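Trainee: Take this structure first; my questions come after.
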Amino acid sequence: MSRGNISLYCNSVLCPSLFADPFADLTITSPPYNLDIAYNSNNDALPYNEYLDFTRKWMRNVFAWSKPHGRFALNIPVDVNKPEHRSIGADLTRIAQDVDWKYDATIIWNKNCISNRLAWGSWKSASAPCVISPVELIVVFYKGQWKKTGGSGISDISRDEFIDWTNGLWTMGTESKKRIGHPAPFPLELPRRLIKLFSFVDDTVFDPFCGSATTLIAAQQNGRRGVGLEIDSSYCELAKRRIEAECFQSEETPRTDFPICCVADGINNAAMIDPVIQRATVQRADRSDYVTN
Ligand SMILES: C[S@@+](CC[C@H](N)C(=O)[O-])C[C@H]1O[C@@H](n2cnc3c(N)ncnc32)[C@H](O)[C@@H]1O
């Protein structure tokens with residue numbers, strides 16, 4: 001699908017030949033956390049080693065699709081505790097560097113929600129207490145060098161925003177799954193801040209796990225281009241409706257029928273020119289190459 005400055009592909013991030021050339025100035029993403037969430041099209045309960053292999057593959061692809069000074073903001077929990085306790089934040093930060101991303105900084109997202117605690121482990125006893133972190137990480141990486149060159153060179157961040165957001169503790173609430181209709185959306189404020197802090201106006205912002213399209217909406221609303229990948233066709237349809245409602249509502253004739261660049265089923269190896277990234281993308285059909293199940 002292409003609409004305004006947004007392109008959405010119904011495809012897998014594991015498909016290495018999807019984009020012929022590097023195009024992303026800034027990648028913002030929140031991958032599946034392997035917490036057994038009922039996504040429609042991917043298994044979110046992989047054995048941990050397989051999850052780490054999956055991570056290595058997609059991070060490598062995102063690296064290849066990023067421009068020479070591309071940046072990458074990864075939203076991930078500090079840890080997960082089911083089925084086992086794992087330091088997922090540390091493990092994915094290590095893997096990103098193993099596939100050549102350079103580390104810049106970590107922002108702590110304080111979700112401001114001490115949830116209804118039921119899982120205390122051993123209540124008021126040192127035998128096996130359970131610690132839960134009400135925060136997530138946004139780990140920032142870059143390719144090549146940190147200093148940005150190229151692009152418009154235009155920043156649109158205000159003085160107060162810059163002072164606030166370069167303080168690496170961001171407090172913002174979570175997004176409602178019910179309101180959005182997706183099992184794990186992040187709040188629009190999260191990509192909005194990252195976009196204004198780390199990209200120039202007119203840059204291309206990429207989300208390889210775009211779900212309900214939050215990152216793409218923030219990109220369009222803030223004068224950037226957005227490219228999204230989402231493996232599940234029903235989330236792509238949801239993304240299209242959300243993009244239309246949140247970015248183009250004021251237009252006289254809202255459109256909900258525009259196509260998605262979709263290769264979920266049929267055979268289609270034709271190269272197409274993406275209007276947003278203005279270069280060829282290659283659509284492949286053999287899902288067995290890249291679907292995790
Ligand atoms: C944590 S959610 C992202 C939610 C998104 N940030 C939002 O605000 O809506 C992860 C998404 O990745 C998608 N996904 C899982 N495996 C994928 C793959 N191999 N390629 C592309 N998308 C995938 C899932 O369907 C899910 O929508």
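Following the order of the structure tokens, first chain is A, next is B, and so on, with residues numbered from 1 inside each chain and ligands from 1 in the order they appear.
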Residues of chain A that approach ligand 1 to 6 Å or less, counting only C-alpha atoms and all ligand atoms: could you list each one with the shortest pair of atoms and its distance in Å to one decimal, rows by chain and increasing residue number, as a tab-separated table?

Mentor:
```
residue	atom	partner	partner_atom_place_in_ligand_line	distance
A:Asn11	CA	ligand 1	21 (C)	5.9
A:Ser12	CA	ligand 1	20 (N)	3.4
A:Val13	CA	ligand 1	20 (N)	4.1
A:Leu14	CA	ligand 1	19 (N)	5.6
A:Ser30	CA	ligand 1	1 (C)	5.0
A:Pro31	CA	ligand 1	10 (C)	4.8
A:Pro32	CA	ligand 1	10 (C)	4.6
A:Tyr39	CA	ligand 1	25 (O)	5.6
A:Ser41	CA	ligand 1	25 (O)	5.9
A:Asn42	CA	ligand 1	16 (N)	5.2
A:Ala184	CA	ligand 1	1 (C)	4.9
A:Pro185	CA	ligand 1	8 (O)	3.4
A:Phe186	CA	ligand 1	8 (O)	4.2
A:Pro208	CA	ligand 1	21 (C)	5.7
A:Phe209	CA	ligand 1	12 (O)	3.9
A:Cys210	CA	ligand 1	5 (C)	4.8
A:Gly211	CA	ligand 1	27 (O)	3.5
A:Ser212	CA	ligand 1	9 (O)	3.6
A:Ala213	CA	ligand 1	9 (O)	5.4
A:Thr214	CA	ligand 1	8 (O)	4.5
A:Leu229	CA	ligand 1	21 (C)	5.4
A:Glu230	CA	ligand 1	22 (N)	3.9
A:Ile231	CA	ligand 1	22 (N)	4.1
A:Asp232	CA	ligand 1	25 (O)	5.1
```

Trainee: List as a list in words the protein and nucleic acid residues near Ala119 in chain A, meaning an atom at most 9 Å away when only C-alpha atoms are counted, but skip any in the same chain fewer than 2 places from it.

Mentor: Arg117, Gly121, Ser122, Trp123, Pro129, Cys130, Val131 and Ile132 of chain A

Trainee: Write the residues of the preceding selection, restricted to C-alpha atoms, as a CSV table (one decimal), in the first residue's frame.

Mentor:
```
chain,number,residue,atom,x,y,z
A,117,ARG,CA,0.2,-7.3,41.2
A,121,GLY,CA,6.2,-15.2,44.0
A,122,SER,CA,6.5,-15.9,47.7
A,123,TRP,CA,4.5,-13.3,49.5
A,129,PRO,CA,10.0,-13.3,45.7
A,130,CYS,CA,9.1,-12.1,42.1
A,131,VAL,CA,10.5,-8.8,40.9
A,132,ILE,CA,8.7,-7.1,38.0
```

Trainee: Nearest to Pro183 in chain A: which of A:Ile107, A:Ala128, A:Ile37, A:Val80 is it, counting only C-alpha atoms?

Mentor: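 Going through A:Ile107, A:Ala128, A:Ile37, A:Val80 one by one, the smallest distance to Pro183 in chain A is for A:Ile37.
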
Trainee: Identify which of the residues A:Asn81, A:Asn40, A:Thr204, A:Gln97 lies closest to Phe63 in chain A, counting only C-alpha atoms when measuring atom-to-atom distances.

Mentor: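 Ranking A:Asn81, A:Asn40, A:Thr204, A:Gln97 by distance to Phe63 in chain A, first place goes to A:Gln97.
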
Trainee: Could you check which of A:Val78, A:Ile195, A:Arg179, A:Arg71 is closest to Lys147 in chain A, using only C-alpha atoms?

Mentor: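 So, comparing all the options, the nearest one is A:Arg71.
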
Trainee: CA of Arg56 in chain A and CA of Ile95 in chain A, how far apart in Å?

Mentor: 6.2 Å

Trainee: What does the distance from CA of Gly153 in chain A to CA of Val201 in chain A come to in Å, to one decimal?

Mentor: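 The value is 7.5 Å.
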
Trainee: List every residue of range 29-163 of chain A that DSSP, applied to the backbone of this structure, assigns to strand (DSSP E), and report them as a count of residues only.

Mentor: 30

Trainee: With a distance cut-off of 10 Å and only C-alpha atoms, select the neighbouring residues of Asp100 in chain A, excluding the residue or stretch itself and same-chain residues fewer than 6 positions from it, and output the selection as a list in words.

Mentor: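 Within the cut-off, the hits are Met59, Arg60, Phe63, Phe141, Tyr142, Lys143 and Gly144 of chain A.
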
Trainee: Emit the selected residues as a PDB file, in the first residue's frame, including N, CA and C atoms.

Mentor:
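Result written to selection_8.pdb:
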```pdb
ATOM      1  N   MET A  59      17.627  -8.563  12.609  1.00  0.00           N
ATOM      2  CA  MET A  59      18.490  -7.388  12.844  1.00  0.00           C
ATOM      3  C   MET A  59      19.517  -7.227  11.732  1.00  0.00           C
ATOM      4  N   ARG A  60      19.968  -8.364  11.193  1.00  0.00           N
ATOM      5  CA  ARG A  60      20.909  -8.327  10.063  1.00  0.00           C
ATOM      6  C   ARG A  60      20.235  -7.696   8.835  1.00  0.00           C
ATOM      7  N   PHE A  63      19.826  -4.024   9.274  1.00  0.00           N
ATOM      8  CA  PHE A  63      21.133  -3.371   9.080  1.00  0.00           C
ATOM      9  C   PHE A  63      21.392  -3.177   7.582  1.00  0.00           C
ATOM     10  N   PHE A 141      20.855   2.514  18.502  1.00  0.00           N
ATOM     11  CA  PHE A 141      22.070   2.081  17.800  1.00  0.00           C
ATOM     12  C   PHE A 141      22.251   2.924  16.539  1.00  0.00           C
ATOM     13  N   TYR A 142      23.410   2.798  15.931  1.00  0.00           N
ATOM     14  CA  TYR A 142      23.640   3.483  14.662  1.00  0.00           C
ATOM     15  C   TYR A 142      24.620   2.680  13.822  1.00  0.00           C
ATOM     16  N   LYS A 143      24.652   3.042  12.556  1.00  0.00           N
ATOM     17  CA  LYS A 143      25.523   2.384  11.592  1.00  0.00           C
ATOM     18  C   LYS A 143      26.569   3.430  11.194  1.00  0.00           C
ATOM     19  N   GLY A 144      27.775   3.047  10.936  1.00  0.00           N
ATOM     20  CA  GLY A 144      28.772   4.038  10.475  1.00  0.00           C
ATOM     21  C   GLY A 144      29.134   4.992  11.586  1.00  0.00           C
TER      22      GLY A 144
END
```

Trainee: Using DSSP secondary structure from the backbone, list all alpha helix (DSSP H) positions within range 40-281 of chain A, as a VMD selection string.

Mentor: chain A and resid 48 to 65 88 to 98 159 to 165 177 to 180 189 to 198 214 to 221 233 to 247

Trainee: Could you jot down the CA of Leu188 in chain A to CA of Glu175 in chain A separation for me, Å, one decimal place?

Mentor: 8.1 Å

Trainee: Could you pull the residues within 6 Å of Glu136 in chain A, counting only C-alpha atoms, minus those fewer than 6 positions along the same chain, as an mmCIF file with C-alpha atoms, in the first residue's frame?

Mentor:
```
data_model
loop_
_atom_site.group_PDB
_atom_site.id
_atom_site.type_symbol
_atom_site.label_atom_id
_atom_site.label_comp_id
_atom_site.auth_asym_id
_atom_site.auth_seq_id
_atom_site.Cartn_x
_atom_site.Cartn_y
_atom_site.Cartn_z
ATOM 1 C CA ILE A 76 12.215 -4.172 24.271
ATOM 2 C CA PRO A 77 11.520 -5.195 27.890
ATOM 3 C CA VAL A 78 14.302 -5.375 30.452
ATOM 4 C CA TRP A 109 10.497 4.104 29.259
#
```

Trainee: When you count only C-alpha atoms, which of these residues is closest to Pro191 in chain A: A:Tyr103, A:Phe72, A:Trp120, A:Phe162?

Mentor: A:Phe72

Trainee: Hey, which of A:Thr55, A:Asp36, A:Thr106, A:Ser127 ends up closest to Lys82 in chain A? Count only C-alpha atoms.

Mentor: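 Result for the nearest residue to Lys82 in chain A: A:Asp36.
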